[in-house]
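Source file: coords_21.cif. Holds: mmCIF, C-alpha atoms.
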```cif
data_structure
#
loop_
_atom_site.label_atom_id
_atom_site.label_comp_id
_atom_site.auth_asym_id
_atom_site.auth_seq_id
_atom_site.Cartn_x
_atom_site.Cartn_y
_atom_site.Cartn_z
CA MET A 1 86.07 87.64 95.98
CA ASP A 2 85.18 91.21 95.24
CA ILE A 3 87.38 94.19 96.03
CA LYS A 4 85.96 94.76 99.50
CA GLN A 5 86.25 91.13 100.56
CA LYS A 6 89.88 91.04 99.43
CA LEU A 7 90.63 94.26 101.30
CA ARG A 8 88.94 93.01 104.44
CA ALA A 9 90.86 89.72 104.38
CA PHE A 10 94.14 91.58 103.94
CA ILE A 11 93.44 94.06 106.72
CA GLU A 12 92.35 91.37 109.16
CA ASP A 13 95.52 89.42 108.48
CA HIS A 14 97.98 92.30 108.65
CA MET A 15 96.72 95.02 110.94
CA ALA A 16 97.31 94.93 114.68
CA VAL A 17 93.63 95.17 115.55
CA GLN A 18 92.97 96.36 119.08
CA GLU A 19 89.82 94.51 120.04
CA GLU A 20 89.13 90.83 119.71
CA ASP A 21 86.02 89.62 117.94
CA VAL A 22 85.31 92.93 116.27
CA GLN A 23 83.71 92.39 112.92
CA LEU A 24 85.29 94.88 110.55
CA LYS A 25 82.52 96.63 108.65
CA ASP A 26 83.06 98.26 105.28
CA SER A 27 82.36 101.71 106.67
CA ASP A 28 84.45 101.36 109.86
CA PRO A 29 87.38 103.78 110.16
CA ILE A 30 90.35 101.41 110.27
CA PHE A 31 92.52 103.99 112.04
CA GLU A 32 90.26 103.84 115.06
CA LEU A 33 89.93 100.05 115.21
CA GLY A 34 93.59 99.23 114.96
CA PHE A 35 97.00 100.75 114.89
CA VAL A 36 98.06 101.75 111.39
CA ASP A 37 101.84 101.81 111.62
CA SER A 38 104.28 102.50 108.81
CA LEU A 39 104.85 98.81 108.14
CA PHE A 40 101.15 98.16 107.69
CA ALA A 41 100.76 101.29 105.56
CA MET A 42 103.51 100.12 103.19
CA GLN A 43 102.07 96.59 103.06
CA LEU A 44 98.62 97.94 102.32
CA ILE A 45 99.89 100.12 99.48
CA GLY A 46 101.89 97.24 98.02
CA PHE A 47 98.87 94.95 98.29
CA ILE A 48 96.54 97.39 96.55
CA GLN A 49 99.03 98.05 93.74
CA ASN A 50 99.70 94.37 93.06
CA GLN A 51 96.26 92.94 93.69
CA PHE A 52 94.25 95.51 91.75
CA GLN A 53 96.89 96.65 89.25
CA VAL A 54 96.65 100.33 90.07
CA GLU A 55 99.53 102.70 90.54
CA ILE A 56 99.43 104.74 93.73
CA GLU A 57 101.15 108.08 93.34
CA SER A 58 102.25 110.57 95.98
CA ALA A 59 99.15 112.65 95.37
CA ASP A 60 96.95 109.63 96.17
CA LEU A 61 98.49 109.22 99.61
CA ASP A 62 95.70 111.03 101.33
CA LEU A 63 94.30 109.57 104.50
CA ALA A 64 90.80 110.07 103.10
CA ASN A 65 91.46 107.43 100.43
CA PHE A 66 92.34 104.77 103.00
CA ARG A 67 90.08 105.57 105.93
CA SER A 68 87.75 102.60 105.50
CA ILE A 69 87.20 99.60 103.25
CA ASP A 70 84.46 101.54 101.45
CA ARG A 71 86.79 104.45 100.77
CA MET A 72 89.61 102.21 99.57
CA ALA A 73 87.29 100.34 97.21
CA ALA A 74 85.96 103.60 95.79
CA PHE A 75 89.50 104.88 95.35
CA ILE A 76 90.57 101.69 93.53
CA GLN A 77 87.55 101.78 91.23
CA GLU A 78 88.16 105.42 90.43
CA LYS A 79 91.83 104.74 89.64
CA LYS A 80 90.92 101.83 87.39
CA ALA A 81 88.26 103.84 85.57
CA ASN A 82 90.78 106.62 84.94
CA GLU A 83 93.40 104.22 83.66
CA GLU A 84 91.03 102.51 81.25
CA GLY A 85 89.64 105.81 79.98
CA MET B 1 118.82 124.37 94.68
CA ASN B 2 120.08 121.10 93.32
CA MET B 3 119.93 118.60 96.15
CA ASP B 4 123.02 116.75 95.03
CA ALA B 5 125.07 119.91 95.27
CA ASP B 6 124.20 120.44 98.92
CA PRO B 7 127.24 119.55 101.02
CA LYS B 8 125.00 118.55 103.93
CA ILE B 9 123.44 115.68 101.98
CA LYS B 10 125.58 112.73 102.89
CA ASP B 11 128.12 111.56 100.38
CA LYS B 12 127.18 107.90 100.05
CA GLY B 13 129.47 105.00 99.31
CA ARG B 14 132.25 106.03 101.59
CA GLU B 15 131.17 104.28 104.75
CA TRP B 16 130.63 100.55 104.72
CA LYS B 17 128.38 98.93 107.28
CA ALA B 18 129.26 95.34 106.40
CA VAL B 19 132.15 93.32 104.99
CA VAL B 20 131.15 90.17 103.09
CA TRP B 21 133.91 87.57 102.81
CA ASP B 22 134.60 84.73 100.44
CA LEU B 23 136.21 81.76 102.23
CA ASP B 24 138.60 79.73 100.02
CA ASN B 25 141.86 81.61 99.42
CA THR B 26 140.27 84.71 100.92
CA LEU B 27 139.49 84.16 104.60
CA TRP B 28 141.72 81.12 104.67
CA ASP B 29 144.55 79.76 102.51
CA GLY B 30 143.48 76.66 100.62
CA ILE B 31 140.32 75.13 99.19
CA LEU B 32 138.23 73.38 101.84
CA LEU B 33 136.57 70.79 99.59
CA GLU B 34 139.94 69.69 98.20
CA ASN B 35 141.80 69.60 101.45
CA ASP B 36 140.54 69.89 105.03
CA ARG B 37 143.79 71.52 106.11
CA VAL B 38 143.14 75.18 105.49
CA TRP B 39 144.56 78.00 107.64
CA LEU B 40 143.22 81.42 108.42
CA LYS B 41 145.22 84.12 106.64
CA PRO B 42 147.74 85.71 109.02
CA GLY B 43 146.22 88.39 111.26
CA ILE B 44 142.78 88.08 109.71
CA LYS B 45 140.98 87.09 112.92
CA GLU B 46 142.33 90.20 114.67
CA ILE B 47 141.29 92.37 111.74
CA ILE B 48 137.76 90.96 111.83
CA ALA B 49 137.56 91.45 115.60
CA THR B 50 138.82 95.03 115.27
CA LEU B 51 136.19 95.92 112.68
CA ASP B 52 133.54 94.11 114.73
CA SER B 53 134.37 96.27 117.75
CA ARG B 54 133.80 99.35 115.58
CA GLY B 55 130.30 98.16 114.76
CA ILE B 56 131.15 96.89 111.25
CA LEU B 57 129.20 93.70 110.50
CA HIS B 58 130.63 90.61 108.81
CA SER B 59 129.03 88.03 106.59
CA ILE B 60 130.05 85.34 104.11
CA ALA B 61 129.35 84.61 100.45
CA SER B 62 131.13 81.38 99.58
CA HIS B 63 130.72 78.44 97.24
CA ASN B 64 131.09 75.55 99.66
CA GLU B 65 129.15 72.89 101.56
CA HIS B 66 127.38 74.82 104.28
CA GLY B 67 127.83 72.28 107.08
CA THR B 68 131.50 71.61 106.37
CA ALA B 69 132.40 75.27 106.12
CA MET B 70 130.51 76.23 109.27
CA ALA B 71 132.24 73.40 111.18
CA LYS B 72 135.60 74.73 110.00
CA LEU B 73 134.69 78.28 111.05
CA ARG B 74 133.70 76.99 114.50
CA GLU B 75 136.97 75.09 114.78
CA MET B 76 138.81 78.32 113.94
CA GLU B 77 136.66 80.15 116.53
CA VAL B 78 135.53 82.85 114.13
CA ASP B 79 131.99 81.63 113.39
CA GLN B 80 130.42 84.01 115.93
CA PHE B 81 131.47 87.05 113.88
CA PHE B 82 129.42 86.20 110.79
CA LEU B 83 125.77 87.14 110.46
CA TYR B 84 123.53 85.44 107.88
CA PRO B 85 126.35 83.55 106.12
CA GLU B 86 125.50 82.49 102.56
CA ILE B 87 127.42 79.28 101.97
CA ASN B 88 125.89 77.55 98.97
CA TRP B 89 126.24 77.21 95.19
CA ASN B 90 124.13 80.21 94.23
CA ALA B 91 125.53 83.14 92.28
CA LYS B 92 127.34 85.44 94.70
CA SER B 93 125.24 88.35 93.48
CA ALA B 94 122.17 86.44 94.75
CA SER B 95 123.92 85.74 98.07
CA LEU B 96 124.72 89.42 98.47
CA GLN B 97 121.12 90.30 97.75
CA ARG B 98 119.98 87.98 100.57
CA ILE B 99 122.60 89.31 102.99
CA ARG B 100 121.53 92.86 102.17
CA GLU B 101 117.90 91.99 102.89
CA ASN B 102 118.69 90.13 106.10
CA LEU B 103 120.94 92.89 107.45
CA ASN B 104 118.51 95.51 106.15
CA ILE B 105 121.24 97.78 104.78
CA GLU B 106 121.79 99.30 101.35
CA MET B 107 123.94 97.65 98.70
CA ASP B 108 126.37 100.57 98.70
CA ALA B 109 127.09 99.88 102.39
CA ILE B 110 128.67 96.51 101.50
CA LEU B 111 132.36 95.81 100.94
CA PHE B 112 132.80 92.43 99.19
CA ILE B 113 136.12 90.63 99.41
CA ASP B 114 137.00 87.74 97.11
CA ASP B 115 140.22 86.42 95.55
CA SER B 116 138.45 85.58 92.27
CA ALA B 117 138.24 88.33 89.67
CA PHE B 118 135.41 86.37 88.05
CA GLU B 119 133.28 86.43 91.22
CA ARG B 120 134.00 90.11 91.84
CA GLY B 121 132.99 90.83 88.27
CA GLU B 122 129.76 88.86 88.61
CA VAL B 123 128.85 90.78 91.79
CA GLN B 124 129.89 94.14 90.34
CA HIS B 125 127.83 93.57 87.22
CA ALA B 126 124.67 92.72 89.19
CA HIS B 127 125.24 95.29 91.94
CA PRO B 128 127.27 98.27 90.71
CA GLU B 129 126.84 99.96 94.13
CA VAL B 130 128.82 97.27 95.97
CA THR B 131 132.53 97.93 96.51
CA CYS B 132 134.59 94.88 95.51
CA MET B 133 138.11 94.27 96.72
CA ASP B 134 140.73 91.64 95.97
CA ALA B 135 141.53 89.36 98.92
CA SER B 136 145.24 90.24 98.80
CA ARG B 137 144.42 93.69 100.20
CA TYR B 138 142.79 92.47 103.44
CA LYS B 139 145.53 93.84 105.70
CA SER B 140 144.64 97.39 104.68
CA LEU B 141 141.06 97.10 105.97
CA PRO B 142 141.49 98.58 109.47
CA ARG B 143 143.11 101.68 107.95
CA LEU B 144 140.43 102.40 105.35
CA PRO B 145 138.48 105.59 106.15
CA GLY B 146 135.25 103.88 105.10
CA LEU B 147 135.72 101.38 107.93
CA ASN B 148 136.62 104.00 110.52
CA PRO B 149 133.47 105.59 111.91
CA ARG B 150 134.12 108.94 113.56
CA PHE B 151 132.66 107.80 116.86
CA ILE B 152 132.44 104.32 118.31
CA THR B 153 129.34 104.44 120.49
CA GLN B 154 127.95 101.93 122.92
CA ASP B 155 125.34 101.16 120.27
CA SER B 156 127.89 100.50 117.55
CA ARG B 157 129.93 98.20 119.81
CA ARG B 158 126.81 96.17 120.52
CA ARG B 159 125.65 96.09 116.91
CA ARG B 160 126.39 92.42 116.20
CA THR B 161 124.80 91.38 119.50
CA MET B 162 121.71 93.34 118.59
CA TYR B 163 121.49 91.53 115.26
CA LEU B 164 121.81 88.19 117.05
CA GLU B 165 118.98 89.17 119.40
CA ASP B 166 116.98 90.08 116.34
CA ILE B 167 117.56 86.69 114.71
CA GLN B 168 116.11 85.09 117.84
CA ARG B 169 113.14 87.44 117.71
CA LYS B 170 112.47 86.64 114.05
CA GLU B 171 112.50 82.91 114.80
CA VAL B 172 109.89 83.42 117.51
CA GLU B 173 107.82 85.53 115.12
CA ARG B 174 107.96 82.87 112.39
CA SER B 175 106.74 80.17 114.73
CA PHE B 176 104.20 82.40 116.48
CA GLU B 177 100.64 81.34 115.81
CA GLY B 178 97.98 83.95 116.19
CA PRO B 179 97.35 87.57 115.32
CA ARG B 180 100.21 90.04 114.91
CA LYS B 181 98.90 92.06 117.86
CA ASP B 182 99.42 89.05 120.16
CA PHE B 183 102.95 88.60 118.89
CA LEU B 184 103.69 92.27 119.51
CA ALA B 185 102.15 92.03 122.98
CA SER B 186 104.39 89.04 123.77
CA LEU B 187 107.51 91.16 123.18
CA ASP B 188 107.00 93.49 126.20
CA ILE B 189 108.08 96.52 124.17
CA GLN B 190 109.28 99.48 126.23
CA LEU B 191 109.84 102.77 124.45
CA TRP B 192 111.50 105.79 126.06
CA ILE B 193 111.19 109.24 124.53
CA THR B 194 113.42 111.68 126.42
CA PRO B 195 115.20 114.99 125.81
CA ALA B 196 118.72 114.34 124.51
CA LYS B 197 121.55 114.73 126.98
CA GLU B 198 125.17 115.48 126.21
CA GLU B 199 126.11 111.79 126.41
CA ASP B 200 123.52 110.91 123.76
CA LEU B 201 124.98 113.20 121.11
CA GLN B 202 127.62 110.92 119.58
CA ARG B 203 124.96 108.32 118.98
CA ALA B 204 122.62 111.03 117.70
CA GLU B 205 125.19 112.13 115.13
CA GLU B 206 125.74 108.50 114.17
CA LEU B 207 121.98 108.05 113.66
CA THR B 208 121.82 111.02 111.27
CA LEU B 209 124.69 109.47 109.27
CA ARG B 210 123.48 105.88 109.19
CA THR B 211 119.71 106.15 108.84
CA ASN B 212 118.37 106.43 105.31
CA GLN B 213 115.02 104.70 104.90
CA LEU B 214 113.11 106.16 107.84
CA ASN B 215 114.54 109.63 107.70
CA THR B 216 112.55 112.76 106.83
CA THR B 217 115.40 114.83 105.36
CA GLY B 218 118.64 112.84 105.09
CA LEU B 219 120.43 115.88 106.53
CA THR B 220 123.29 115.14 108.87
CA TYR B 221 124.03 116.99 112.07
CA ASP B 222 127.36 116.83 113.81
CA TYR B 223 128.10 116.75 117.52
CA LYS B 224 128.70 120.50 117.80
CA GLU B 225 125.47 121.43 116.04
CA LEU B 226 123.52 118.99 118.17
CA ARG B 227 125.09 120.32 121.36
CA LYS B 228 124.02 123.84 120.47
CA LEU B 229 120.51 122.58 119.86
CA ILE B 230 120.09 120.85 123.23
CA HIS B 231 120.95 124.13 124.95
CA SER B 232 118.71 126.21 122.69
CA PRO B 233 115.43 127.32 124.30
CA GLY B 234 113.82 127.35 120.85
CA HIS B 235 114.46 123.67 120.18
CA LYS B 236 113.70 120.23 121.50
CA LEU B 237 115.91 117.28 120.63
CA LEU B 238 114.27 113.99 121.58
CA VAL B 239 115.99 110.61 121.72
CA CYS B 240 114.08 107.32 121.49
CA GLU B 241 115.27 104.11 123.05
CA LEU B 242 113.68 100.69 122.68
CA LYS B 243 113.88 97.50 124.70
CA ASP B 244 111.98 94.26 124.56
CA ARG B 245 112.17 90.86 126.23
CA TYR B 246 114.87 89.71 123.80
CA GLY B 247 117.23 92.58 124.34
CA ASN B 248 118.03 96.23 124.06
CA TYR B 249 117.85 97.96 120.71
CA GLY B 250 119.57 100.98 122.21
CA LYS B 251 118.92 104.46 120.94
CA ILE B 252 117.04 104.06 117.70
CA GLY B 253 115.31 107.32 116.97
CA LEU B 254 115.74 111.06 116.94
CA ALA B 255 113.42 114.03 116.57
CA LEU B 256 114.49 117.65 116.29
CA ILE B 257 111.72 120.16 116.89
CA GLU B 258 111.93 123.91 116.41
CA ILE B 259 109.42 125.79 118.52
CA THR B 260 107.96 128.91 116.96
CA GLU B 261 105.02 131.10 117.88
CA LYS B 262 102.47 129.07 115.97
CA TYR B 263 104.13 125.76 115.27
CA TRP B 264 106.13 122.88 116.49
CA HIS B 265 108.30 122.34 113.44
CA LEU B 266 109.92 118.93 112.96
CA LYS B 267 113.26 119.69 111.32
CA LEU B 268 114.38 116.10 111.46
CA PHE B 269 112.72 112.84 112.34
CA LEU B 270 114.38 109.49 111.93
CA MET B 271 114.10 105.92 113.18
CA SER B 272 116.54 103.07 112.69
CA CYS B 273 115.17 100.56 110.20
CA ARG B 274 115.92 97.79 112.70
CA VAL B 275 112.76 98.68 114.60
CA LEU B 276 110.58 99.11 111.56
CA VAL B 277 108.48 96.03 112.25
CA TYR B 278 107.22 97.36 115.55
CA GLY B 279 105.67 100.49 114.13
CA VAL B 280 107.37 102.63 116.74
CA GLY B 281 107.93 105.45 114.25
CA THR B 282 104.19 106.00 114.18
CA VAL B 283 104.04 105.76 117.98
CA VAL B 284 106.70 108.45 118.37
CA LEU B 285 104.93 110.61 115.80
CA SER B 286 101.63 110.20 117.68
CA HIS B 287 103.37 111.22 120.90
CA ILE B 288 104.89 114.36 119.33
CA MET B 289 101.54 115.24 117.76
CA GLY B 290 99.85 114.95 121.16
CA GLU B 291 102.49 117.12 122.85
CA ALA B 292 102.22 119.79 120.14
CA ARG B 293 98.44 119.83 120.54
CA ASN B 294 98.77 120.10 124.34
CA SER B 295 100.94 123.18 123.95
CA GLY B 296 98.31 124.74 121.70
CA LYS B 297 100.32 124.63 118.48
CA LYS B 298 100.09 123.02 115.10
CA LEU B 299 102.74 120.67 113.84
CA ARG B 300 104.83 121.16 110.72
CA ALA B 301 107.55 118.97 109.29
CA ASP B 302 110.31 119.44 106.73
CA PHE B 303 110.56 116.62 104.27
CA ILE B 304 113.14 116.00 101.55
CA HIS B 305 112.56 113.19 99.05
CA THR B 306 115.96 111.47 98.94
CA GLY B 307 114.99 108.51 96.79
CA ARG B 308 115.40 106.26 99.81
CA ASN B 309 112.87 107.54 102.30
CA GLU B 310 109.53 106.93 100.58
CA GLN B 311 108.40 104.86 103.56
CA MET B 312 108.77 107.87 105.85
CA TYR B 313 106.68 109.92 103.44
CA VAL B 314 103.92 107.29 103.59
CA THR B 315 104.17 107.27 107.39
CA PHE B 316 103.57 111.02 107.50
CA LYS B 317 100.74 110.93 104.98
CA PHE B 318 99.01 108.14 106.89
CA ALA B 319 99.42 110.19 110.07
CA ASN B 320 97.29 112.87 108.37
CA PHE B 321 100.02 115.30 107.34
CA ARG B 322 99.32 117.42 104.26
CA GLU B 323 101.71 119.18 101.97
CA VAL B 324 101.49 122.96 102.49
CA ALA B 325 104.60 124.25 100.77
CA ALA B 326 107.21 123.09 98.28
CA HIS B 327 110.63 124.69 97.90
CA ASP B 328 111.15 122.51 94.84
CA LYS B 329 110.20 119.02 93.71
CA LYS B 330 112.12 117.36 96.50
CA ARG B 331 111.94 119.76 99.43
CA ILE B 332 108.50 120.18 100.91
CA VAL B 333 106.79 121.21 104.12
CA LEU B 334 104.03 119.10 105.64
CA GLU B 335 101.45 120.27 108.13
CA ASN B 336 99.17 118.48 110.55
CA ASP B 337 96.13 120.22 112.05
CA LEU B 338 96.18 117.59 114.84
CA SER B 339 92.48 116.90 114.44
CA PHE B 340 93.18 113.18 114.40
CA ILE B 341 95.87 111.41 116.40
CA GLN B 342 96.13 107.64 116.55
CA LYS B 343 96.13 106.23 120.05
CA ILE B 344 99.31 104.62 121.34
CA PRO B 345 98.80 100.86 120.87
CA PRO B 346 98.49 98.79 124.06
CA TYR B 347 101.51 96.59 123.21
CA VAL B 348 103.88 99.55 123.62
CA ASP B 349 104.80 100.67 127.13
CA LEU B 350 105.61 104.33 126.43
CA ARG B 351 107.70 106.25 128.96
CA THR B 352 108.57 109.89 128.60
CA GLY B 353 110.72 112.24 130.57
#
```

Could the structure of this file be written out as structure tokens, please?
Amino acid sequence: MDIKQKLRAFIEDHMAVQEEDVQLKDSDPIFELGFVDSLFAMQLIGFIQNQFQVEIESADLDLANFRSIDRMAAFIQEKKANEEG
Amino acid sequence: MNMDADPKIKDKGREWKAVVWDLDNTLWDGILLENDRVWLKPGIKEIIATLDSRGILHSIASHNEHGTAMAKLREMEVDQFFLYPEINWNAKSASLQRIRENLNIEMDAILFIDDSAFERGEVQHAHPEVTCMDASRYKSLPRLPGLNPRFITQDSRRRRTMYLEDIQRKEVERSFEGPRKDFLASLDIQLWITPAKEEDLQRAEELTLRTNQLNTTGLTYDYKELRKLIHSPGHKLLVCELKDRYGNYGKIGLALIEITEKYWHLKLFLMSCRVLVYGVGTVVLSHIMGEARNSGKKLRADFIHTGRNEQMYVTFKFANFREVAAHDKKRIVLENDLSFIQKIPPYVDLRTG
């Protein structure tokens, strides 16, 4: 699975999505499709750190980095590129 | 200013939320596996009941056969007092770790009582924050300041019952098949957000003392300060109460808002960690954000990194707050332009007044 597939699987399993049968697209704003509560936010951060081996710092906790699957994937790739460089 | 020097930051380690008991030669005289005739130590049942009525929780970490020991506790009519008993052959430090997780409290809120210096040493080595006490001192427990909360509120008296309701809820959740949203919908969650009244203030003070993880500042407020604030035209003090089909969580959240010309300023926002799984902190935050927007103001919030409240920081950042000022590394001010507010989820029946 690539990064986006893994993220989508995690979000579908853990987020309290509002509508049934909504296919979550990579560009969809997750905050509008479901309810992002503090529990889900913590789980998501833990998942990203463990699954993709990146360290999320306070400065990274910007809504813009987590708004959609696309944005999360871009954020993860950027973090990884910085760490390797 | 150095945070640790601030007298308003709570001095931790003085108040215990739970007492964890060994059994053999601690709760009772004798060793159960050697001889079935063991007797509760004199007065110990009354001591446990007294602490229980103050909202202090009890649990067990004992090396014994689980079934045999539980049967003995039932026979002695004390079994109902103990939450998440760990009766097995694991290291006691591991048992304490599990009890801590199940009760969702910090290690330094545990008082561990055992007659064996070896077991106390093992626990102390693994968990330096735990207070260990020799079993011979049990009669002193009701007098210890750390087991004497300043107020005994309706919520503290019901604390064990609320944990029992929660155990039932967790069992339903484990066996629930289907999406999390459906589980949450099955709970019939009712959330009240109302201005604090005089009779809420003891519990409000207790919340500022007991809540660490979901707490924006860790600052404590006493009854007098809170009473001033509910009569102040420049402030709002909101109390949150939660019920679901399994029981009443009681008053579980508090928000103190200072109203200025341009801002609603959250001076304090906290939620009991017992309701963490229902995401109600974010619901309350959404509600406050909506109210601030309706009154034509922006929303600001004080935040102090206490080393325990990272989850609250994440909650604010995911609710679109941005850091706008920093007094130092730990004390910051967050601001929300209220351009984006998450809708209240349909599984929460929100009532305001």

**Study point:** Neighbours of chain A in chain B at 9 Å, counting all atoms listed in the file, as number ranges by chain
**Key:** B: 179-182, 184, 276-283, 311-322, 342-346

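Shell of Val20 of chain B at 6 Å, with all atoms listed in the file counted and residues fewer than 4 places along the chain excluded, is His58, Ser59, Ile60 and Phe112 of chain B.
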
Expansion of the PyMOL selection byres ((chain A and resi 80) around 12) into residues, as a ChimeraX atom specification
/A:48-49,52-56,73-79,81-85

Print the selection's residues with C-alpha atoms to a file, as a PDB file, keeping the file's coordinate frame.
```
ATOM      1  CA  ILE A  48      96.540  97.390  96.550  1.00  0.00           C
ATOM      2  CA  GLN A  49      99.030  98.050  93.740  1.00  0.00           C
ATOM      3  CA  PHE A  52      94.250  95.510  91.750  1.00  0.00           C
ATOM      4  CA  GLN A  53      96.890  96.650  89.250  1.00  0.00           C
ATOM      5  CA  VAL A  54      96.650 100.330  90.070  1.00  0.00           C
ATOM      6  CA  GLU A  55      99.530 102.700  90.540  1.00  0.00           C
ATOM      7  CA  ILE A  56      99.430 104.740  93.730  1.00  0.00           C
ATOM      8  CA  ALA A  73      87.290 100.340  97.210  1.00  0.00           C
ATOM      9  CA  ALA A  74      85.960 103.600  95.790  1.00  0.00           C
ATOM     10  CA  PHE A  75      89.500 104.880  95.350  1.00  0.00           C
ATOM     11  CA  ILE A  76      90.570 101.690  93.530  1.00  0.00           C
ATOM     12  CA  GLN A  77      87.550 101.780  91.230  1.00  0.00           C
ATOM     13  CA  GLU A  78      88.160 105.420  90.430  1.00  0.00           C
ATOM     14  CA  LYS A  79      91.830 104.740  89.640  1.00  0.00           C
ATOM     15  CA  ALA A  81      88.260 103.840  85.570  1.00  0.00           C
ATOM     16  CA  ASN A  82      90.780 106.620  84.940  1.00  0.00           C
ATOM     17  CA  GLU A  83      93.400 104.220  83.660  1.00  0.00           C
ATOM     18  CA  GLU A  84      91.030 102.510  81.250  1.00  0.00           C
ATOM     19  CA  GLY A  85      89.640 105.810  79.980  1.00  0.00           C
TER      20      GLY A  85
END
```

Find the residues near segment 221-229 of chain B: any atom within 8 Å, counting all atoms listed in the file, skip ones fewer than 6 places away on the same chain, and give them as number ranges by chain. B: 198, 201-202, 204-205, 208, 235-237

Inset, instruction - List every protein, DNA or RNA residue that has an atom no more than 12 Å from (104.4, 117.7, 123.3) in the file's coordinate frame, counting only C-alpha atoms, and report them as a ChimeraX atom specification. - result: /B:193-195,236-238,255,257-259,263-266,284-299,338,352-353

Q. What is the distance, in Å and to one decimal place, between atom CA of Glu86 of chain B and atom CA of Leu27 of chain B?
A.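 Distance reported for this atom pair: 14.2 Å.
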
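Between Arg8 of chain A and the residues A:Leu24, A:Gly46, A:Gln51, A:Glu57, the shortest atom-to-atom distance, using only C-alpha atoms, involves A:Leu24.
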
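Across the structure, atom CA of Ile152 of chain B and atom CA of Trp28 of chain B are spaced 28.5 Å apart.
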
Correct to one decimal, the distance atom CA of Ala326 of chain B-atom CA of Lys267 of chain B is 14.8 Å

Kindly list the centre and edge lengths in Å, rounded to one decimal, for the axis-aligned box that covers all listed atoms of segment 79-82 of chain A plus 5 Å on each of its six sides, as JSON.
```
{"center_x": 90.0, "center_y": 104.2, "center_z": 87.3, "size_x": 13.6, "size_y": 14.8, "size_z": 14.7}
```

* Would you write out, as a ChimeraX atom specification, every residue that the PyMOL selection byres ((chain B and resi 103) around 12) captures in this file? => /B:17-20,56-59,82-85,96-102,104-107,109-110,159-160,162-164,166-167,273-274

If the PyMOL selection byres ((chain B and resi 249) around 10) were run on this exact file, what residues would it hold? Put them as a JSON list (two decimals) with C-alpha atoms, keeping the file's coordinate frame.
```
[["chain", "number", "residue", "atom", "x", "y", "z"],
["B", 155, "ASP", "CA", 125.34, 101.16, 120.27],
["B", 158, "ARG", "CA", 126.81, 96.17, 120.52],
["B", 159, "ARG", "CA", 125.65, 96.09, 116.91],
["B", 161, "THR", "CA", 124.80, 91.38, 119.50],
["B", 162, "MET", "CA", 121.71, 93.34, 118.59],
["B", 163, "TYR", "CA", 121.49, 91.53, 115.26],
["B", 165, "GLU", "CA", 118.98, 89.17, 119.40],
["B", 166, "ASP", "CA", 116.98, 90.08, 116.34],
["B", 241, "GLU", "CA", 115.27, 104.11, 123.05],
["B", 242, "LEU", "CA", 113.68, 100.69, 122.68],
["B", 243, "LYS", "CA", 113.88, 97.50, 124.70],
["B", 244, "ASP", "CA", 111.98, 94.26, 124.56],
["B", 246, "TYR", "CA", 114.87, 89.71, 123.80],
["B", 247, "GLY", "CA", 117.23, 92.58, 124.34],
["B", 248, "ASN", "CA", 118.03, 96.23, 124.06],
["B", 250, "GLY", "CA", 119.57, 100.98, 122.21],
["B", 251, "LYS", "CA", 118.92, 104.46, 120.94],
["B", 252, "ILE", "CA", 117.04, 104.06, 117.70],
["B", 272, "SER", "CA", 116.54, 103.07, 112.69],
["B", 274, "ARG", "CA", 115.92, 97.79, 112.70],
["B", 275, "VAL", "CA", 112.76, 98.68, 114.60]]
```

Original post:
Excluding same-chain residues fewer than 3 positions from segment 91-93 of chain B, what lies within 7 Å of it counting all atoms listed in the file, as a list in words?
Top reply: Ala61, Leu96, Gln97, Glu119, Glu122, Val123 and Ala126 of chain B
